[in-house]
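S.K.: I have a structure I would like to understand better, so I am pasting it below and will then ask my questions one at a time.
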Amino acid sequence: MKNSVIIILLSIFSISCSAQKSIDKLDNFEKISWQELNDNVIRMIGKDWMLVAAGTEDDYNMMTASWGTLGWLWERPVSTIYVRPQRHTHNYTEREEYYTLTFYDDPDKEALRLMGTVSGKDFDKMNYEGLTPVVTPNGSIAFEEAYLIIECKKLYSTVL
Ligand SMILES: Cc1cc2nc3c(=O)[nH]c(=O)nc-3n(C[C@H](O)[C@H](O)[C@H](O)COP(=O)(O)O)c2cc1C
């Protein structure tokens with residue numbers, strides 16, 4: 001099995017939000033530092049799941065992920081994600097300098113289930129109505145419905 005491992009700088013760029021839909025998208029988000037993350041990140045990633053998204057406003061893709069970590073490496077806060085090379089998202093995480101991790105309150109996980117079962121190769125994820133894209137300050141893509149966005153700068157990527 002070949003997995004791509006991407007270790008990134010968390011870029012001290014966590015954003016929390018009120019999860020309200022609005023045209024002024026990022027205005028709904030408050031910038032916080034990683035020190036303010038008090039949640040159980042093992043549960044958030046492994047049980048509640050997250051979206052990994054990368055790309056630009058005109059061309060991006062996202063997928064559900066439950067493999068990953070948030071931690072500390074090289075004197076920095078880092079995340080590690082595992083994106084199989086066959087995922088459409090892999091093309092984007094490999095190409096782009098930044099990617100986002102987004103976390104949701106929805107107990108039904110409707111959007112997460114869909115983004116984890118269909119591929120951007122076959123399905124127009126950019127026009128999926130259940131997720132409203134927002135552009136982060138570094139030009140990557142996150143979603144307004146999230147309660148937490150972590151924007152990550154890629155530090156290292158490899159294929160196992
Ligand atoms: C709960 C859940 C967790 C998943 N976690 C991962 C993961 O961490 N890494 C991965 O490569 N695929 C994972 N997947 C599978 C991808 O989300 C799925 O193959 C998706 O359709 C890929 O979309 P894409 O081809 O548009 O990138 C997960 C799927 C689900 C439902």
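Residues in the structure tokens are numbered from 1 in each chain, the chains being A, B, ... in the order shown, and ligands are numbered from 1 in the order shown.
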Compile a residue-level contact table for chain A against ligand 1 at a cut-off of 9 Å, reporting for every qualifying residue the shortest atom pair and its distance in Å to one decimal, with only C-alpha atoms and all ligand atoms counted, rows ordered by chain and ascending number, as a tab-separated table.

M.R.:
residue	atom	partner	partner_atom_place_in_ligand_line	distance
A:Asn3	CA	ligand 1	11 (O)	7.2
A:Ser4	CA	ligand 1	11 (O)	8.2
A:Ile45	CA	ligand 1	8 (O)	8.9
A:Gly46	CA	ligand 1	3 (C)	8.0
A:Lys47	CA	ligand 1	1 (C)	7.9
A:Asp48	CA	ligand 1	1 (C)	8.2
A:Trp49	CA	ligand 1	1 (C)	6.0
A:Met50	CA	ligand 1	3 (C)	8.0
A:Leu51	CA	ligand 1	17 (O)	8.1
A:Val52	CA	ligand 1	17 (O)	8.7
A:Ala53	CA	ligand 1	27 (O)	8.8
A:Asn61	CA	ligand 1	26 (O)	6.1
A:Met62	CA	ligand 1	26 (O)	5.9
A:Met63	CA	ligand 1	17 (O)	4.5
A:Thr64	CA	ligand 1	17 (O)	4.0
A:Ala65	CA	ligand 1	5 (N)	3.3
A:Ser66	CA	ligand 1	5 (N)	4.2
A:Trp67	CA	ligand 1	8 (O)	3.7
A:Gly68	CA	ligand 1	8 (O)	6.4
A:Ile81	CA	ligand 1	8 (O)	6.7
A:Tyr82	CA	ligand 1	9 (N)	5.1
A:Val83	CA	ligand 1	11 (O)	3.6
A:Arg84	CA	ligand 1	11 (O)	3.9
A:Pro85	CA	ligand 1	11 (O)	7.4
A:Gln86	CA	ligand 1	25 (O)	6.9
A:Arg87	CA	ligand 1	25 (O)	3.8
A:His88	CA	ligand 1	25 (O)	3.7
A:Thr89	CA	ligand 1	27 (O)	3.7
A:His90	CA	ligand 1	27 (O)	6.4
A:Asn91	CA	ligand 1	27 (O)	8.3
A:Tyr92	CA	ligand 1	27 (O)	8.8
A:Leu112	CA	ligand 1	31 (C)	7.0
A:Arg113	CA	ligand 1	31 (C)	5.4
A:Leu114	CA	ligand 1	21 (O)	7.6
A:Met115	CA	ligand 1	21 (O)	5.6
A:Gly116	CA	ligand 1	17 (O)	3.3
A:Thr117	CA	ligand 1	21 (O)	4.1
A:Val118	CA	ligand 1	21 (O)	4.0
A:Ser119	CA	ligand 1	26 (O)	3.4
A:Gly120	CA	ligand 1	26 (O)	3.6
A:Lys121	CA	ligand 1	25 (O)	6.1
A:Asp122	CA	ligand 1	26 (O)	8.0
A:Phe123	CA	ligand 1	26 (O)	7.8
A:Lys125	CA	ligand 1	26 (O)	7.5

S.K.: Only C-alpha atoms, please: the residues just picked out, written as a short mmCIF file (atom, residue, chain, number, x, y, z; two decimals), in the first residue's frame.

M.R.:
data_model
loop_
_atom_site.label_atom_id
_atom_site.label_comp_id
_atom_site.auth_asym_id
_atom_site.auth_seq_id
_atom_site.Cartn_x
_atom_site.Cartn_y
_atom_site.Cartn_z
CA ASN A 3 0.33 6.42 1.00
CA SER A 4 1.56 9.89 0.54
CA ILE A 45 -9.74 13.67 13.44
CA GLY A 46 -10.38 10.00 14.07
CA LYS A 47 -14.04 9.98 15.04
CA ASP A 48 -15.59 13.25 13.91
CA TRP A 49 -13.47 13.38 10.73
CA MET A 50 -12.22 16.37 8.79
CA LEU A 51 -12.00 17.63 5.26
CA VAL A 52 -8.63 18.06 3.60
CA ALA A 53 -8.83 20.66 0.85
CA ASN A 61 -10.68 19.62 -4.38
CA MET A 62 -11.49 18.24 -0.97
CA MET A 63 -11.93 14.85 0.62
CA THR A 64 -12.87 13.42 3.97
CA ALA A 65 -9.99 12.22 6.11
CA SER A 66 -9.74 10.44 9.43
CA TRP A 67 -6.07 9.55 9.27
CA GLY A 68 -3.87 12.29 10.57
CA ILE A 81 -2.09 13.84 6.72
CA TYR A 82 -2.12 10.62 4.74
CA VAL A 83 -3.57 10.98 1.27
CA ARG A 84 -3.50 7.95 -0.97
CA PRO A 85 -2.03 8.71 -4.40
CA GLN A 86 -5.21 7.55 -6.16
CA ARG A 87 -7.24 10.31 -4.48
CA HIS A 88 -8.01 13.26 -6.69
CA THR A 89 -7.10 15.44 -3.71
CA HIS A 90 -3.59 14.06 -3.91
CA ASN A 91 -2.98 16.02 -7.12
CA TYR A 92 -3.83 19.20 -5.24
CA LEU A 112 -18.27 14.41 5.14
CA ARG A 113 -19.85 11.12 4.11
CA LEU A 114 -20.32 12.37 0.56
CA MET A 115 -16.83 13.83 0.26
CA GLY A 116 -15.49 10.53 1.55
CA THR A 117 -17.30 8.34 -0.96
CA VAL A 118 -17.23 10.23 -4.23
CA SER A 119 -14.19 11.44 -6.10
CA GLY A 120 -13.63 14.82 -7.65
CA LYS A 121 -12.68 12.83 -10.73
CA ASP A 122 -16.35 11.85 -11.18
CA PHE A 123 -18.30 14.40 -9.18
CA LYS A 125 -17.25 18.82 -5.74
#

S.K.: Mind checking which residues fall within 10 Å of A:Ile149, counting only C-alpha atoms, ignoring those fewer than 2 positions away in the same chain, and posting them as a PDB file with C-alpha atoms, in the first residue's frame?

M.R.:
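Okay, this is what ended up in part-v1.pdb:
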ATOM      1  CA  PHE A  13      -3.147  29.908  11.661  1.00  0.00           C
ATOM      2  CA  SER A  14      -6.132  28.413  13.282  1.00  0.00           C
ATOM      3  CA  ILE A  15      -9.437  30.078  12.725  1.00  0.00           C
ATOM      4  CA  SER A  16     -12.606  29.500  14.630  1.00  0.00           C
ATOM      5  CA  CYS A  17     -15.967  30.582  13.381  1.00  0.00           C
ATOM      6  CA  PHE A  29     -14.036  33.594  11.547  1.00  0.00           C
ATOM      7  CA  GLU A  30     -11.824  34.623  14.385  1.00  0.00           C
ATOM      8  CA  LYS A  31      -8.112  34.058  14.017  1.00  0.00           C
ATOM      9  CA  MET A  50     -12.220  16.366   8.791  1.00  0.00           C
ATOM     10  CA  LEU A  51     -12.004  17.630   5.257  1.00  0.00           C
ATOM     11  CA  THR A 100      -6.616  23.283   4.929  1.00  0.00           C
ATOM     12  CA  LEU A 101      -8.114  20.993   7.521  1.00  0.00           C
ATOM     13  CA  THR A 102     -11.716  21.809   8.406  1.00  0.00           C
ATOM     14  CA  PHE A 103     -13.860  20.467  11.227  1.00  0.00           C
ATOM     15  CA  TYR A 104     -17.663  20.291  11.508  1.00  0.00           C
ATOM     16  CA  THR A 136      -8.089  31.878   3.247  1.00  0.00           C
ATOM     17  CA  ILE A 141      -9.813  26.915   0.234  1.00  0.00           C
ATOM     18  CA  ALA A 142     -11.822  26.170   3.348  1.00  0.00           C
ATOM     19  CA  PHE A 143     -15.564  25.968   4.015  1.00  0.00           C
ATOM     20  CA  GLU A 144     -17.889  28.329   5.771  1.00  0.00           C
ATOM     21  CA  GLU A 145     -19.816  25.543   7.502  1.00  0.00           C
ATOM     22  CA  ALA A 146     -16.739  24.557   9.509  1.00  0.00           C
ATOM     23  CA  TYR A 147     -16.358  25.506  13.160  1.00  0.00           C
ATOM     24  CA  GLU A 151      -4.584  26.409   7.346  1.00  0.00           C
ATOM     25  CA  CYS A 152      -1.380  24.502   6.814  1.00  0.00           C
TER      26      CYS A 152
END

S.K.: May I ask for the distance between atom CA of A:Pro137 and atom CA of A:Ile42, given in Å to one decimal place?

M.R.: 26.7 Å

S.K.: Counting only C-alpha atoms, which of A:Asp59, A:Lys154, A:Gly139, A:Val134 gets nearest to A:Leu26?

M.R.: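 So, comparing all the options, the nearest one is A:Val134.
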
S.K.: As a VMD selection string, please: every residue in stretch 44-122 of chain A that DSSP puts in helix (DSSP H, G or I).

M.R.: chain A and resid 44 to 46 88 to 95 110 to 115

S.K.: Just the selected residues (C-alpha atoms), exported as a PDB file, in the first residue's frame, please.

M.R.:
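The file below, result-v6.pdb, is the result:
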ATOM      1  CA  MET A  44     -11.814  15.384  16.112  1.00  0.00           C
ATOM      2  CA  ILE A  45      -9.736  13.672  13.439  1.00  0.00           C
ATOM      3  CA  GLY A  46     -10.378   9.996  14.073  1.00  0.00           C
ATOM      4  CA  HIS A  88      -8.014  13.255  -6.689  1.00  0.00           C
ATOM      5  CA  THR A  89      -7.099  15.439  -3.710  1.00  0.00           C
ATOM      6  CA  HIS A  90      -3.586  14.061  -3.911  1.00  0.00           C
ATOM      7  CA  ASN A  91      -2.981  16.016  -7.123  1.00  0.00           C
ATOM      8  CA  TYR A  92      -3.830  19.197  -5.243  1.00  0.00           C
ATOM      9  CA  THR A  93      -1.958  18.544  -2.012  1.00  0.00           C
ATOM     10  CA  GLU A  94       1.105  17.703  -4.076  1.00  0.00           C
ATOM     11  CA  ARG A  95       0.784  20.780  -6.269  1.00  0.00           C
ATOM     12  CA  GLU A 110     -23.745  14.424   5.493  1.00  0.00           C
ATOM     13  CA  ALA A 111     -21.112  16.439   3.655  1.00  0.00           C
ATOM     14  CA  LEU A 112     -18.267  14.415   5.135  1.00  0.00           C
ATOM     15  CA  ARG A 113     -19.852  11.123   4.107  1.00  0.00           C
ATOM     16  CA  LEU A 114     -20.321  12.366   0.563  1.00  0.00           C
ATOM     17  CA  MET A 115     -16.835  13.835   0.260  1.00  0.00           C
TER      18      MET A 115
END

S.K.: Go through A:Ser157, A:Asn28, A:Pro133, A:Gln35 one by one, measure the shortest atom-to-atom distance of each to A:Arg76 using only C-alpha atoms, and give the residue with the smallest value.

M.R.: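 With only C-alpha atoms as the atom set, the closest residue is A:Gln35.
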
S.K.: What does the distance from atom CA of A:Asn40 to atom CA of A:Glu97 come to in Å, to one decimal?

M.R.: 27.0 Å

S.K.: Have a look at A:Leu70, A:Leu37, A:Ile150, A:Leu160 and name the one nearest to A:Asn138; count only C-alpha atoms.

M.R.: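 Checking each candidate against A:Asn138, we get A:Ile150 as the closest.
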
S.K.: So that I can check the surroundings of A:Gly71, please list as a PyMOL selection string every protein, DNA and RNA residue that reaches within 12 Å of it, counting only C-alpha atoms and ignoring chain neighbours fewer than 2 positions away.

M.R.: chain A and resi 7-10+34-35+37+41-42+68-69+73-81

S.K.: Just the number, please: distance in Å from atom CA of A:Asp108 to atom CA of A:Tyr128, one decimal.

M.R.: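 These atoms are spaced 16.8 Å apart.
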
S.K.: Write out as a PyMOL selection string all residues of stretch 9-114 of chain A that DSSP puts in strand (DSSP E or B) for this structure's backbone.

M.R.: chain A and resi 9+14-17+29-32+50-56+59-65+68-73+76-83+98-103

S.K.: How would the residues just picked look written out with C-alpha atoms as a PDB file, in the first residue's frame?

M.R.:
ATOM      1  CA  LEU A   9       3.667  23.624   9.215  1.00  0.00           C
ATOM      2  CA  SER A  14      -6.132  28.413  13.282  1.00  0.00           C
ATOM      3  CA  ILE A  15      -9.437  30.078  12.725  1.00  0.00           C
ATOM      4  CA  SER A  16     -12.606  29.500  14.630  1.00  0.00           C
ATOM      5  CA  CYS A  17     -15.967  30.582  13.381  1.00  0.00           C
ATOM      6  CA  PHE A  29     -14.036  33.594  11.547  1.00  0.00           C
ATOM      7  CA  GLU A  30     -11.824  34.623  14.385  1.00  0.00           C
ATOM      8  CA  LYS A  31      -8.112  34.058  14.017  1.00  0.00           C
ATOM      9  CA  ILE A  32      -6.670  32.125  16.937  1.00  0.00           C
ATOM     10  CA  MET A  50     -12.220  16.366   8.791  1.00  0.00           C
ATOM     11  CA  LEU A  51     -12.004  17.630   5.257  1.00  0.00           C
ATOM     12  CA  VAL A  52      -8.633  18.059   3.602  1.00  0.00           C
ATOM     13  CA  ALA A  53      -8.831  20.663   0.853  1.00  0.00           C
ATOM     14  CA  ALA A  54      -6.265  22.179  -1.452  1.00  0.00           C
ATOM     15  CA  GLY A  55      -6.285  24.326  -4.540  1.00  0.00           C
ATOM     16  CA  THR A  56      -7.350  27.764  -5.609  1.00  0.00           C
ATOM     17  CA  ASP A  59      -9.672  24.873  -9.073  1.00  0.00           C
ATOM     18  CA  TYR A  60      -9.729  22.992  -5.809  1.00  0.00           C
ATOM     19  CA  ASN A  61     -10.679  19.620  -4.376  1.00  0.00           C
ATOM     20  CA  MET A  62     -11.487  18.236  -0.972  1.00  0.00           C
ATOM     21  CA  MET A  63     -11.929  14.847   0.619  1.00  0.00           C
ATOM     22  CA  THR A  64     -12.874  13.416   3.975  1.00  0.00           C
ATOM     23  CA  ALA A  65      -9.994  12.219   6.108  1.00  0.00           C
ATOM     24  CA  GLY A  68      -3.867  12.289  10.569  1.00  0.00           C
ATOM     25  CA  THR A  69      -2.253  13.975  13.515  1.00  0.00           C
ATOM     26  CA  LEU A  70      -1.699  17.359  15.054  1.00  0.00           C
ATOM     27  CA  GLY A  71       1.500  17.658  17.025  1.00  0.00           C
ATOM     28  CA  TRP A  72       4.926  19.185  17.290  1.00  0.00           C
ATOM     29  CA  LEU A  73       7.978  18.726  15.066  1.00  0.00           C
ATOM     30  CA  ARG A  76       6.765  23.956  15.183  1.00  0.00           C
ATOM     31  CA  PRO A  77       3.139  22.967  15.461  1.00  0.00           C
ATOM     32  CA  VAL A  78       2.513  20.516  12.622  1.00  0.00           C
ATOM     33  CA  SER A  79      -0.163  18.350  11.136  1.00  0.00           C
ATOM     34  CA  THR A  80       0.402  15.111   9.273  1.00  0.00           C
ATOM     35  CA  ILE A  81      -2.092  13.839   6.725  1.00  0.00           C
ATOM     36  CA  TYR A  82      -2.124  10.621   4.736  1.00  0.00           C
ATOM     37  CA  VAL A  83      -3.568  10.977   1.270  1.00  0.00           C
ATOM     38  CA  TYR A  98      -0.961  25.271   1.403  1.00  0.00           C
ATOM     39  CA  TYR A  99      -3.847  23.055   2.369  1.00  0.00           C
ATOM     40  CA  THR A 100      -6.616  23.283   4.929  1.00  0.00           C
ATOM     41  CA  LEU A 101      -8.114  20.993   7.521  1.00  0.00           C
ATOM     42  CA  THR A 102     -11.716  21.809   8.406  1.00  0.00           C
ATOM     43  CA  PHE A 103     -13.860  20.467  11.227  1.00  0.00           C
TER      44      PHE A 103
END
